[in-house]
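Step one of this worksheet: look at the structure below.
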Amino acid sequence: MSKGKISSLFQKKAVEDGLVRPAFRLIHRAVVWLLRKLFKLVLKIYGLIHKLFLLAGRIPDHFIRKAARYRQMRKIPVQNNKVLFLTFQGKYTCNAKYIAEELARRNKDIEMVWDLKSAHLDSEYPLSMRFVRHQTQDFYRELASARVIIENTNIVEQLDVPKKAEQILIQTWHGSLGIKKLDAPVVMDRHWENVCREVEKKCDYVLTNSPWEEDVFHQAYWKQNVEMLRLGHSRNDVFYYDRKKQKQIRNRVCQSLGIDPGYKLFLIAPTHREGINDKKMDLSEIQNVLKALHERFGGKWIILIRLHNRLVKKAKQWYRDTERIRNVTDYPDMQELMVAADAGMTDYSSWIFDYMESRKPGFIVEFDLADFENDRGFYYPIESTPFPIAPTMAELPERIREFDEEKYIRETDAFLKEKGCVDDGHSAERIVDRILELVEKG
């Protein structure tokens with residue numbers, strides 16, 4: 001018999017024998033209950049006070065480190081031939097990668113430093129490249145001494161560090177002609193208001209590939225003190241490589257993923273969504289999608305599933321590699337995946353608007369369309385894009401079967417022309433020309 005039951009029996013016996021009145025028993029229970037609640041409350045208050053003391057101890061340390069870093073960075077001289085590259089992925093990828101490779105190809109006396117978020121690099125890179133770990137002491141030294149800083153989102157603007165007048169910050173962004181609205185105009189809380197102020201103070205140039213993009217960028221972050229450079233996106237040069245070079249990229253992707261190059265690849269990459277990042281994408285219709293791809297385009301197909309960079313760990317849990325599905329969320333370079341893919345699908349992610357430059361089949365599935373329009377919103381109607389649209393994954397196979405290649409290419413060409421896209425395979429060359437010009441002026 002448990003201790004609680006024994007105690008209850010003794011109390012019941014005491015009441016029956018007249019030793020304890022029922023009212024006293026109720027008072028006893030109420031007092032015990034109250035004491036337990038008070039004890040828990042005291043523990044919570046103690047825990048809160050303990051956390052406040054720890055926080056109070058960190059605040060002076062934070063400001064001391066901030067002041068010391070500010071002073072140190074001001075003292076470090078700028079090296080006129082140094083270029084520092086940063087990407088939000090913390091990997092060797094995006095526009096910065098293709099700018100770096102063009103700089104290396106020209107063999108100029110430029111010192112290139114790449115900011116990494118991980119301890120190891122998982123890509124090929126120019127032998128002249130140096131690497132530094134993000135937000136280490138060495139990183140801040142490199143940041144303070146770089147003549148040119150190249151990023152693909154507002155990274156330096158959120159670091160709360162100074163930028164010298166002689167330093168040049170070039171924003172290359174990570175999307176082009178995208179349909180979904182950028183963060184700042186949608187969220188615009190205190191954090192984004194601070195970011196926008198820092199953008200105006202620190203950013204010198206923004207790379208664009210069209211007048212349409214320039215209008216969007218002006219609305220979002222870069223309103224007055226920033227010059228737009230309509231030179232194209234270097235990452236999209238890959239879609240204009242010759243067939244031999246594109247085949248080399250495709251073979252490298254297949255080898256890395258353990259895929260027979262004889263298979264065809266269908267890339268699925270949904271957009272990042274604020275607040276519902278833990279939502280797993282339903283792949284129950286994949287077999288029907290694979291069947292439709294075979295019927296329309298021939299060959300055997302494998303699905304490449306890629307989630308947002310923030311979901312690398314969850315993607316590994318959700319999507320185990322199988323015979324017909326590969327999780328490529330952690331693959332460093334999205335452009336290489338696009339070169340390797342024979343067709344692709346997203347909901348509203350901007351990568352599909354890079355991919356259209358390949359003229360390979362692209363599809364849209366309208367996941368939670370009404371909610372997305374209310375929460376984020378679009379810059380133009382989704383129906384105005386060249387992509388065949390399926391309301392659900394269940395209807396995607398039918399869109400694949402009825403795909404009209406001639407109509408798709410014709411509408412893609414018209415879309416890019418209407419937006420004023422200048423990407424032509426030579427963007428990296430134009431960008432590097434401008435960088436060298438800016439460096440030589442210094």
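Ligands are numbered from 1 in the order shown, residues from 1 within each chain, and chains are lettered A, B, ... in the order they appear in the structure tokens.
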| Quick one: residues within 9 Å of A:Arg324, only C-alpha atoms counted, chain neighbours fewer than 5 positions away excluded, as number ranges by chain? | A: 290, 301-304
Now that the selection is made, can you save its residues with C-alpha atoms as a short mmCIF file (atom, residue, chain, number, x, y, z; two decimals), in the first residue's frame?
data_model
loop_
_atom_site.label_atom_id
_atom_site.label_comp_id
_atom_site.auth_asym_id
_atom_site.auth_seq_id
_atom_site.Cartn_x
_atom_site.Cartn_y
_atom_site.Cartn_z
CA LEU A 290 7.40 11.16 -61.02
CA TRP A 301 13.47 10.91 -62.52
CA ILE A 302 14.77 11.64 -59.03
CA ILE A 303 13.35 14.33 -56.74
CA LEU A 304 15.73 16.86 -55.17
#
Which stretch 125-207 of chain A residues have any atom within 12 Å of an atom of stretch 347-361 of chain A, and for each, what is the nearest pair of atoms with distance in Å to one decimal, counting only C-alpha atoms, rows sorted by chain and number, as CSV?
residue,atom,partner,partner_atom,distance
A:Trp173,CA,A:Ser350,CA,11.3
A:His174,CA,A:Ser350,CA,8.6
A:Gly175,CA,A:Ser350,CA,5.5
A:Ser176,CA,A:Ser350,CA,6.4
A:Leu177,CA,A:Phe353,CA,6.1
A:Gly178,CA,A:Ser350,CA,4.4
A:Ile179,CA,A:Ser350,CA,6.7
A:Lys180,CA,A:Tyr348,CA,6.5
A:Lys181,CA,A:Tyr348,CA,10.2
A:Leu182,CA,A:Ser350,CA,10.6
Store the residues picked out above, limited to C-alpha atoms, as a PDB file, in the first residue's frame.
ATOM      1  CA  TRP A 173      21.151  40.500 -52.694  1.00  0.00           C
ATOM      2  CA  HIS A 174      20.118  36.850 -53.091  1.00  0.00           C
ATOM      3  CA  GLY A 175      17.015  36.961 -55.258  1.00  0.00           C
ATOM      4  CA  SER A 176      16.027  38.443 -58.590  1.00  0.00           C
ATOM      5  CA  LEU A 177      12.693  39.464 -60.084  1.00  0.00           C
ATOM      6  CA  GLY A 178      11.065  37.638 -57.165  1.00  0.00           C
ATOM      7  CA  ILE A 179       7.342  37.835 -56.688  1.00  0.00           C
ATOM      8  CA  LYS A 180       7.134  37.877 -52.872  1.00  0.00           C
ATOM      9  CA  LYS A 181       7.657  41.136 -50.993  1.00  0.00           C
ATOM     10  CA  LEU A 182      10.916  41.692 -49.095  1.00  0.00           C
TER      11      LEU A 182
END
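Across the structure, atom CA of A:Arg197 and atom CA of A:Tyr92 are spaced 28.3 Å apart.
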| task | Would you mind writing down, as an NGL selection string, each residue of stretch 21-252 of chain A that DSSP on the backbone assigns to strand (DSSP E)? | result | :A and (79-86 or 111-116 or 129-133 or 146-151 or 168-171 or 205-208 or 227-230)
Hey, can you spit out that residue selection with C-alpha atoms as a JSON list (two decimals), in the first residue's frame?
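Contents of part_21.json, as written:
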[["chain", "number", "residue", "atom", "x", "y", "z"],
["A", 79, "GLN", "CA", 44.10, 47.68, -47.19],
["A", 80, "ASN", "CA", 43.33, 48.99, -50.64],
["A", 81, "ASN", "CA", 43.57, 45.59, -52.35],
["A", 82, "LYS", "CA", 41.45, 43.55, -49.89],
["A", 83, "VAL", "CA", 37.93, 42.31, -50.67],
["A", 84, "LEU", "CA", 35.81, 40.61, -47.98],
["A", 85, "PHE", "CA", 32.87, 38.39, -49.02],
["A", 86, "LEU", "CA", 29.88, 37.57, -46.78],
["A", 111, "GLU", "CA", 43.50, 39.74, -51.49],
["A", 112, "MET", "CA", 40.21, 37.83, -51.16],
["A", 113, "VAL", "CA", 38.80, 36.83, -47.75],
["A", 114, "TRP", "CA", 35.65, 34.75, -47.29],
["A", 115, "ASP", "CA", 33.47, 34.78, -44.16],
["A", 116, "LEU", "CA", 32.42, 31.27, -43.03],
["A", 129, "MET", "CA", 41.11, 32.67, -51.25],
["A", 130, "ARG", "CA", 41.54, 33.00, -47.46],
["A", 131, "PHE", "CA", 38.82, 32.13, -44.96],
["A", 132, "VAL", "CA", 37.80, 33.55, -41.60],
["A", 133, "ARG", "CA", 35.21, 32.32, -39.08],
["A", 146, "ALA", "CA", 38.75, 45.45, -46.22],
["A", 147, "ARG", "CA", 38.55, 48.08, -48.92],
["A", 148, "VAL", "CA", 35.55, 46.41, -50.57],
["A", 149, "ILE", "CA", 32.87, 44.45, -48.68],
["A", 150, "ILE", "CA", 30.50, 42.27, -50.71],
["A", 151, "GLU", "CA", 27.39, 40.75, -49.10],
["A", 168, "ILE", "CA", 32.95, 50.37, -50.05],
["A", 169, "LEU", "CA", 29.96, 48.17, -49.22],
["A", 170, "ILE", "CA", 28.33, 46.45, -52.21],
["A", 171, "GLN", "CA", 24.98, 44.71, -51.71],
["A", 205, "TYR", "CA", 26.05, 50.27, -54.03],
["A", 206, "VAL", "CA", 23.33, 47.72, -54.82],
["A", 207, "LEU", "CA", 23.64, 45.32, -57.73],
["A", 208, "THR", "CA", 20.49, 44.86, -59.82],
["A", 227, "GLU", "CA", 23.67, 53.96, -56.06],
["A", 228, "MET", "CA", 22.09, 51.17, -58.09],
["A", 229, "LEU", "CA", 24.47, 49.26, -60.38],
["A", 230, "ARG", "CA", 22.48, 47.65, -63.18]]
| request: Go through stretch 63-156 of chain A and collect every residue that DSSP, computed from the backbone, puts in alpha helix (DSSP H); the answer should be as a PyMOL selection string. | output: chain A and resi 63-75+94-106+137-145
Keeping only N, CA and C atoms, write the selected residues as a compact mmCIF listing (two decimals), in the first residue's frame.
# COMPACT_ATOMS: atom_id res chain seq x y z
N PHE A 63 28.71 46.20 -23.43
CA PHE A 63 29.08 47.56 -23.84
C PHE A 63 30.59 47.77 -23.83
N ILE A 64 31.28 47.11 -22.89
CA ILE A 64 32.75 47.21 -22.87
C ILE A 64 33.34 46.58 -24.13
N ARG A 65 32.84 45.37 -24.47
CA ARG A 65 33.33 44.70 -25.69
C ARG A 65 33.00 45.51 -26.93
N LYS A 66 31.78 46.08 -26.96
CA LYS A 66 31.37 46.88 -28.11
C LYS A 66 32.26 48.11 -28.27
N ALA A 67 32.55 48.79 -27.15
CA ALA A 67 33.41 49.98 -27.20
C ALA A 67 34.83 49.62 -27.61
N ALA A 68 35.35 48.50 -27.07
CA ALA A 68 36.70 48.06 -27.40
C ALA A 68 36.80 47.68 -28.88
N ARG A 69 35.78 46.97 -29.38
CA ARG A 69 35.79 46.56 -30.79
C ARG A 69 35.70 47.79 -31.70
N TYR A 70 34.84 48.74 -31.32
CA TYR A 70 34.69 49.96 -32.11
C TYR A 70 36.02 50.69 -32.22
N ARG A 71 36.71 50.83 -31.07
CA ARG A 71 37.99 51.53 -31.07
C ARG A 71 39.05 50.78 -31.87
N GLN A 72 39.07 49.44 -31.69
CA GLN A 72 40.05 48.63 -32.41
C GLN A 72 39.84 48.73 -33.93
N MET A 73 38.58 48.64 -34.36
CA MET A 73 38.29 48.67 -35.79
C MET A 73 38.62 50.03 -36.40
N ARG A 74 38.46 51.09 -35.61
CA ARG A 74 38.81 52.42 -36.09
C ARG A 74 40.31 52.56 -36.31
N LYS A 75 41.08 51.87 -35.47
CA LYS A 75 42.54 52.00 -35.55
C LYS A 75 43.15 51.17 -36.68
N CYS A 94 26.29 31.88 -54.01
CA CYS A 94 25.54 33.06 -54.44
C CYS A 94 26.40 34.00 -55.30
N ASN A 95 25.95 35.25 -55.44
CA ASN A 95 26.64 36.21 -56.30
C ASN A 95 28.11 36.37 -55.94
N ALA A 96 28.37 36.40 -54.64
CA ALA A 96 29.74 36.62 -54.18
C ALA A 96 30.70 35.57 -54.72
N LYS A 97 30.26 34.33 -54.79
CA LYS A 97 31.11 33.24 -55.30
C LYS A 97 31.57 33.51 -56.72
N TYR A 98 30.64 33.93 -57.58
CA TYR A 98 30.97 34.10 -58.99
C TYR A 98 31.75 35.39 -59.24
N ILE A 99 31.58 36.36 -58.36
CA ILE A 99 32.43 37.56 -58.42
C ILE A 99 33.85 37.19 -58.02
N ALA A 100 33.99 36.40 -56.95
CA ALA A 100 35.32 35.97 -56.49
C ALA A 100 36.04 35.16 -57.57
N GLU A 101 35.33 34.30 -58.26
CA GLU A 101 35.97 33.47 -59.29
C GLU A 101 36.42 34.29 -60.48
N GLU A 102 35.66 35.33 -60.80
CA GLU A 102 36.08 36.21 -61.89
C GLU A 102 37.31 37.03 -61.47
N LEU A 103 37.34 37.47 -60.22
CA LEU A 103 38.53 38.16 -59.72
C LEU A 103 39.75 37.25 -59.76
N ALA A 104 39.57 36.01 -59.35
CA ALA A 104 40.69 35.06 -59.35
C ALA A 104 41.15 34.77 -60.78
N ARG A 105 40.19 34.67 -61.71
CA ARG A 105 40.54 34.39 -63.11
C ARG A 105 41.43 35.47 -63.71
N ARG A 106 41.19 36.72 -63.28
CA ARG A 106 41.97 37.83 -63.82
C ARG A 106 43.36 37.93 -63.20
N GLN A 137 37.34 37.28 -33.51
CA GLN A 137 38.17 38.47 -33.46
C GLN A 137 38.86 38.70 -34.80
N ASP A 138 39.30 37.60 -35.41
CA ASP A 138 39.96 37.71 -36.73
C ASP A 138 38.99 38.25 -37.77
N PHE A 139 37.72 37.85 -37.67
CA PHE A 139 36.71 38.34 -38.62
C PHE A 139 36.59 39.86 -38.54
N TYR A 140 36.53 40.41 -37.33
CA TYR A 140 36.37 41.86 -37.19
C TYR A 140 37.62 42.60 -37.67
N ARG A 141 38.79 41.98 -37.54
CA ARG A 141 40.00 42.60 -38.10
C ARG A 141 39.92 42.65 -39.62
N GLU A 142 39.47 41.55 -40.24
CA GLU A 142 39.33 41.52 -41.69
C GLU A 142 38.29 42.52 -42.16
N LEU A 143 37.20 42.61 -41.43
CA LEU A 143 36.13 43.55 -41.77
C LEU A 143 36.63 44.99 -41.70
N ALA A 144 37.42 45.29 -40.67
CA ALA A 144 37.93 46.65 -40.49
C ALA A 144 38.95 47.04 -41.55
N SER A 145 39.65 46.05 -42.12
CA SER A 145 40.74 46.36 -43.06
C SER A 145 40.37 46.18 -44.53
| task | Between atom CA of A:Val328 and atom CA of A:Asn288, measure the distance and give it in Å to one decimal. | result | 21.0 Å
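Taking atom CA of A:Glu157 and atom CA of A:Leu127 as the two end points, the separation is 29.2 Å.
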| request: Please identify all polymer residues within 8 Å of stretch 258-275 of chain A, counting only C-alpha atoms, omitting same-chain residues fewer than 2 positions from it, and present them as a ChimeraX atom specification. | output: /A:250-251,254-256,277,299-308,337-338,340-350
